[in-house]
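Presented below is the structure to which this report refers.
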There are 4 protein chains.
Amino acid sequence: MKAQTIRVTVWNEFRHEKTNATVKSIYPQGMHETIAARLRQEPDITARTATLEEPEHGLTTEVLANTDVLTWWGHAAHHEVSDAIVDRVQKRVLEGMGLIVLHSGHYSKIFRRMMGTTCLLRWREAHEKERVWVTDPTHPITAGLAPYFELPNSEMYGEHFDVPLPEEQVFISWYEGGDVFRSGCCFRRGMGKIFYFSPGHEIYPIYHNPVVQKILVNAVRWAKFQGNTAVKPFYGKMTPALEIIAKSDYHADPIAHPVK
Amino acid sequence: MKAQTIRVTVWNEFRHEKTNATVKSIYPQGMHETIAARLRQEPDITARTATLEEPEHGLTTEVLANTDVLTWWGHAAHHEVSDAIVDRVQKRVLEGMGLIVLHSGHYSKIFRRMMGTTCLLRWREAHEKERVWVTDPTHPITAGLAPYFELPNSEMYGEHFDVPLPEEQVFISWYEGGDVFRSGCCFRRGMGKIFYFSPGHEIYPIYHNPVVQKILVNAVRWAKFQGNTAVKPFYGKMTPALEIIAKSDYHADPIAHPVK
Amino acid sequence: MKAQTIRVTVWNEFRHEKTNATVKSIYPQGMHETIAARLRQEPDITARTATLEEPEHGLTTEVLANTDVLTWWGHAAHHEVSDAIVDRVQKRVLEGMGLIVLHSGHYSKIFRRMMGTTCLLRWREAHEKERVWVTDPTHPITAGLAPYFELPNSEMYGEHFDVPLPEEQVFISWYEGGDVFRSGCCFRRGMGKIFYFSPGHEIYPIYHNPVVQKILVNAVRWAKFQGNTAVKPFYGKMTPALEIIAKSDYHADPIAHPVK
Amino acid sequence: MKAQTIRVTVWNEFRHEKTNATVKSIYPQGMHETIAARLRQEPDITARTATLEEPEHGLTTEVLANTDVLTWWGHAAHHEVSDAIVDRVQKRVLEGMGLIVLHSGHYSKIFRRMMGTTCLLRWREAHEKERVWVTDPTHPITAGLAPYFELPNSEMYGEHFDVPLPEEQVFISWYEGGDVFRSGCCFRRGMGKIFYFSPGHEIYPIYHNPVVQKILVNAVRWAKFQGNTAVKPFYGKMTPALEIIAKSDYHADPIAHPVK
């Protein structure tokens, strides 16, 4: 079975890089270029980028139709993301596009849309150390990792994290300031897979960290749709039945079903 | 530990009862009154009703603040439910209000909001027999039930049912026409519990069925918030830290966080 | 609905209290008496005790038949627990007896039997501080608790904890030495509920801690069977069928099924 | 990423083929040869076989060490499988060997060992039709499948199926006689993945069915360990700590921990 190319779109708000000197010095072309550049080093991954300011936030129907996995980093401008684009992204995830949500993207419209919860958490910016522990060593996202890795400076994200119970718990983090957080969480929605990964505060070079980069590569491979590409589920009215029904008057009292 | 009264609001679209003679003859005061009347027979349950046509669909801030469990039946007018009311209901569920979604309510705005998926399924109206099997005999919702019960006439709902993997699978149904369906599904969102139960096609007297009624009573008791009423989770900025942080400059590069 | 009395059996290895002066001074009558005494303060709970040295480890058929919830603390003598008694306890859990496994009980025969995994973890005895965070504030086991509590001295238990993915994640702990651990985990096996709770190193007065005691009380109430007491699931040969089968020769080629 | 060869061992009780003329005519060389032959058609799969009567049931330490995925079919002689071999197989699964359990293997020692439950169910032999529905169309095991497939003759397996809640629900079956069953269930134990698949009654040519064969091929690919092969989780004593601990006397009161 040959490896198929995975087409990734790396979405970034791309505001802090323009207004904050520290962030600009860490990500001169934008966080999206740093992430995309690393992904492109893999023979089975191609990556494009998209940002908030572009028309349709760079997420045109054509871009999304040709995206296997979308990564998302946003922070201060979640409210500026158009609802129509969020609808479009949600639809693609439910059709099988993978979604990797990073750091402050926990509060993005798209993540909150997929979760149905507030996605709130606690936070603190104090240059504190974070230690990320692997809690599912069988998971493809942890391939090649040691039992833990450290980020000397990170933004604390702490429990209670208001998301549905993750279907897979890949990482849990320890913070110097005394907190814990479920920092690597997997979910399925429709035909799509979603990975939330919390490290990534913009004033630290976290997406230059080789372990973090390795995790993003693993996550892209995991998030790509691997199910049934040939035959989609059938929704809607199902007639005739597959078995004989004794009272076979299908429409004794027909009622319009506009949305089915 | 004394039993506390559970305050239920039974919401019903209340359209078919007015336009369809069969439905009207089955539920003369509306499906909501049938369900509420049965719930009120329990000493620990009080029930009120609310319908689509009422101001704010009967779901005022005060009504919702005094509702422990909301039941929801809708079908042909999901699109007429105001988004602002859906926001309000979602907020209450995330605060701990239980939600019981019935039959065609699978496609309601509120259920789709909580799930994040399409919630689509297959369906057929053919007066076919449905047999509901208990697949979780430990679950409080199945208290007092036999291993299965039958509905002589039902609307077939069939897989694939596009919801996130249920956290508890209480019932699975068999249909005369050859289909299966995960007919009793439990989910948690935020502080609230959600139970989806598929039987309930309006042209059959399903909510008069004593087993179905027993299930609704059990579900109301299950859905009532039983967690930590005294101390709510804390979200937001967390300072000071609980431990000493070596580099304790909390705001080296302060960034406005308007949404946190 | 009146509260029913919950009959608890508190099982303890009861070795360290006899051989270790520190442990003896903390639990003069044994850890089991400390836990049982606290449980008995609740009007809806009665508690008896049982220890390793008693005939049948105190877990006779009659004791187990009259136990709603069994708590288990063992450490240095797991191998001395008779397999026949473990079989008996497993059978009762699968019939609906709740099981609360404490601290080093993670490596007990009964917990490993119910989990199917090694149940291994990392550990360190260094008088380090443990902070237990609530990660499921809706859970009955967390009723009345603050978002976290601290144990000034604890034995570190660290990830990777080789258990199946918990069905509910109630607590996650932070350790002064840099580790994290999923310290409060819920599982269902058959008709029974299992709660694993890691704090409880014997050289510290952890079971005297009022928050820990509150958790044990909550856990006992949660673990008591609340499902279908009237009608048990039916296993085995199912004839006649509930529907007509075209080719109705049930035993075309009979094969002995001794174990079904 | 090149595809690695998956080494499968197909284990079969191989009794019915010798004593039952119908079974012998369907599987002249044994069910194991039929399954292995189909698996070998795949360029990325090699398959060997093993049966009950062989020394060590064909599951020597060397065979298991070189097995990526073990399939298991047993029925009338579960009790004849040596406990020592079951221990060996369990250990390999927990180390990462995949396990596919077929049909009456639900009652095998190894499946019951991994589940911790009775694994009982209802059953009927009546030549009845089974229709297997896909309930997780994203799952790799369903790759290339239609929404359902039919077996004209099958043995009914019915709910309640006493297993822990499956972590993934791939198939649910409909039976002509009125029953339903969770016929395709995925679990994780330790580093290993387990797939239980119920179709496979020996008096019908089910393992010659091309859809069933496709499922076995998909399942073998899914079950192969894809996690972290380089770095295994570390269990046991963890010193020194990763952070400074205020009271750093690791062994104030040393206690022997023979099993950790």
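Residue names in the structure tokens use chain letters A, B, ... in the order shown, residue numbers from 1 in each chain, and ligand numbers from 1 in the order shown.
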
Residues of chain B that have any atom at most 7 Å from an atom of chain A: could you tabulate them with the shortest-distance atom pair and the distance in Å to one decimal, using only C-alpha atoms, ordered by chain and increasing number, as JSON lines?
```
{"residue": "B:Ala76", "atom": "CA", "partner": "A:His257", "partner_atom": "CA", "distance": 6.4}
{"residue": "B:Leu94", "atom": "CA", "partner": "A:Thr117", "partner_atom": "CA", "distance": 6.6}
{"residue": "B:Arg113", "atom": "CA", "partner": "A:Gly116", "partner_atom": "CA", "distance": 5.8}
{"residue": "B:Met114", "atom": "CA", "partner": "A:Gly116", "partner_atom": "CA", "distance": 4.3}
{"residue": "B:Met115", "atom": "CA", "partner": "A:Gly116", "partner_atom": "CA", "distance": 5.9}
{"residue": "B:Gly116", "atom": "CA", "partner": "A:Met114", "partner_atom": "CA", "distance": 4.3}
{"residue": "B:Thr117", "atom": "CA", "partner": "A:Gly190", "partner_atom": "CA", "distance": 5.8}
{"residue": "B:Leu120", "atom": "CA", "partner": "A:Tyr235", "partner_atom": "CA", "distance": 6.2}
{"residue": "B:Leu121", "atom": "CA", "partner": "A:Tyr235", "partner_atom": "CA", "distance": 5.1}
{"residue": "B:Arg122", "atom": "CA", "partner": "A:Gly236", "partner_atom": "CA", "distance": 4.5}
{"residue": "B:Trp123", "atom": "CA", "partner": "A:Lys237", "partner_atom": "CA", "distance": 5.0}
{"residue": "B:Arg124", "atom": "CA", "partner": "A:Met238", "partner_atom": "CA", "distance": 5.6}
{"residue": "B:Glu125", "atom": "CA", "partner": "A:Tyr250", "partner_atom": "CA", "distance": 5.2}
{"residue": "B:Ala126", "atom": "CA", "partner": "A:Tyr250", "partner_atom": "CA", "distance": 3.9}
{"residue": "B:His127", "atom": "CA", "partner": "A:Lys247", "partner_atom": "CA", "distance": 5.9}
{"residue": "B:Glu128", "atom": "CA", "partner": "A:Ile245", "partner_atom": "CA", "distance": 6.1}
{"residue": "B:His160", "atom": "CA", "partner": "A:Pro233", "partner_atom": "CA", "distance": 6.2}
{"residue": "B:Asp162", "atom": "CA", "partner": "A:Gly190", "partner_atom": "CA", "distance": 5.8}
{"residue": "B:Val163", "atom": "CA", "partner": "A:Gly190", "partner_atom": "CA", "distance": 6.7}
{"residue": "B:Pro164", "atom": "CA", "partner": "A:Arg189", "partner_atom": "CA", "distance": 5.6}
{"residue": "B:Glu176", "atom": "CA", "partner": "A:Ile245", "partner_atom": "CA", "distance": 6.0}
{"residue": "B:Gly177", "atom": "CA", "partner": "A:Glu243", "partner_atom": "CA", "distance": 4.5}
{"residue": "B:Gly178", "atom": "CA", "partner": "A:Glu243", "partner_atom": "CA", "distance": 5.3}
{"residue": "B:Arg188", "atom": "CA", "partner": "A:Pro164", "partner_atom": "CA", "distance": 6.5}
{"residue": "B:Arg189", "atom": "CA", "partner": "A:Pro164", "partner_atom": "CA", "distance": 5.7}
{"residue": "B:Gly190", "atom": "CA", "partner": "A:Thr117", "partner_atom": "CA", "distance": 5.8}
{"residue": "B:Pro233", "atom": "CA", "partner": "A:His160", "partner_atom": "CA", "distance": 6.2}
{"residue": "B:Tyr235", "atom": "CA", "partner": "A:Arg122", "partner_atom": "CA", "distance": 4.8}
{"residue": "B:Gly236", "atom": "CA", "partner": "A:Arg122", "partner_atom": "CA", "distance": 4.5}
{"residue": "B:Lys237", "atom": "CA", "partner": "A:Trp123", "partner_atom": "CA", "distance": 5.0}
{"residue": "B:Met238", "atom": "CA", "partner": "A:Arg124", "partner_atom": "CA", "distance": 5.6}
{"residue": "B:Thr239", "atom": "CA", "partner": "A:Arg124", "partner_atom": "CA", "distance": 6.8}
{"residue": "B:Ala241", "atom": "CA", "partner": "A:Gly177", "partner_atom": "CA", "distance": 5.1}
{"residue": "B:Leu242", "atom": "CA", "partner": "A:Gly178", "partner_atom": "CA", "distance": 5.4}
{"residue": "B:Glu243", "atom": "CA", "partner": "A:Gly177", "partner_atom": "CA", "distance": 4.5}
{"residue": "B:Ile244", "atom": "CA", "partner": "A:Gly177", "partner_atom": "CA", "distance": 6.1}
{"residue": "B:Ile245", "atom": "CA", "partner": "A:Gly177", "partner_atom": "CA", "distance": 5.7}
{"residue": "B:Lys247", "atom": "CA", "partner": "A:His127", "partner_atom": "CA", "distance": 5.9}
{"residue": "B:Ser248", "atom": "CA", "partner": "A:Ala126", "partner_atom": "CA", "distance": 5.7}
{"residue": "B:Asp249", "atom": "CA", "partner": "A:Ala126", "partner_atom": "CA", "distance": 5.7}
{"residue": "B:Tyr250", "atom": "CA", "partner": "A:Ala126", "partner_atom": "CA", "distance": 4.0}
{"residue": "B:His251", "atom": "CA", "partner": "A:Glu125", "partner_atom": "CA", "distance": 6.5}
{"residue": "B:His257", "atom": "CA", "partner": "A:Ala76", "partner_atom": "CA", "distance": 6.4}
```

Show which residues sit within 7 Å of Glu13 in chain B, as a PDB file with N, CA, C and O atoms, in the first residue's frame. Count only C-alpha atoms, and ignore same-chain residues fewer than 5 positions away.
```pdb
ATOM      1  N   THR B  51     -44.224  25.476  24.160  1.00  0.00           N
ATOM      2  CA  THR B  51     -44.350  25.133  22.747  1.00  0.00           C
ATOM      3  C   THR B  51     -43.786  26.226  21.856  1.00  0.00           C
ATOM      4  O   THR B  51     -43.564  27.359  22.289  1.00  0.00           O
ATOM      5  N   LEU B  52     -43.598  25.880  20.604  1.00  0.00           N
ATOM      6  CA  LEU B  52     -42.959  26.763  19.628  1.00  0.00           C
ATOM      7  C   LEU B  52     -43.640  28.123  19.523  1.00  0.00           C
ATOM      8  O   LEU B  52     -42.984  29.165  19.449  1.00  0.00           O
ATOM      9  N   TRP B  73     -39.224  17.746  21.647  1.00  0.00           N
ATOM     10  CA  TRP B  73     -39.762  17.061  20.473  1.00  0.00           C
ATOM     11  C   TRP B  73     -40.069  18.103  19.420  1.00  0.00           C
ATOM     12  O   TRP B  73     -40.876  19.011  19.635  1.00  0.00           O
ATOM     13  N   GLY B  74     -39.424  17.986  18.268  1.00  0.00           N
ATOM     14  CA  GLY B  74     -39.700  18.875  17.156  1.00  0.00           C
ATOM     15  C   GLY B  74     -39.538  18.083  15.873  1.00  0.00           C
ATOM     16  O   GLY B  74     -38.919  17.003  15.873  1.00  0.00           O
TER      17      GLY B  74
END
```

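Atom to atom, CA of Val101 in chain A and CA of Asp83 in chain A stand 17.4 Å apart.
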
Practice prompt. List every residue of range 71-112 of chain D that DSSP, applied to the backbone of this structure, places in strand (DSSP E), and write the result as a ChimeraX atom specification.
Written response: /D:71-73,98-102
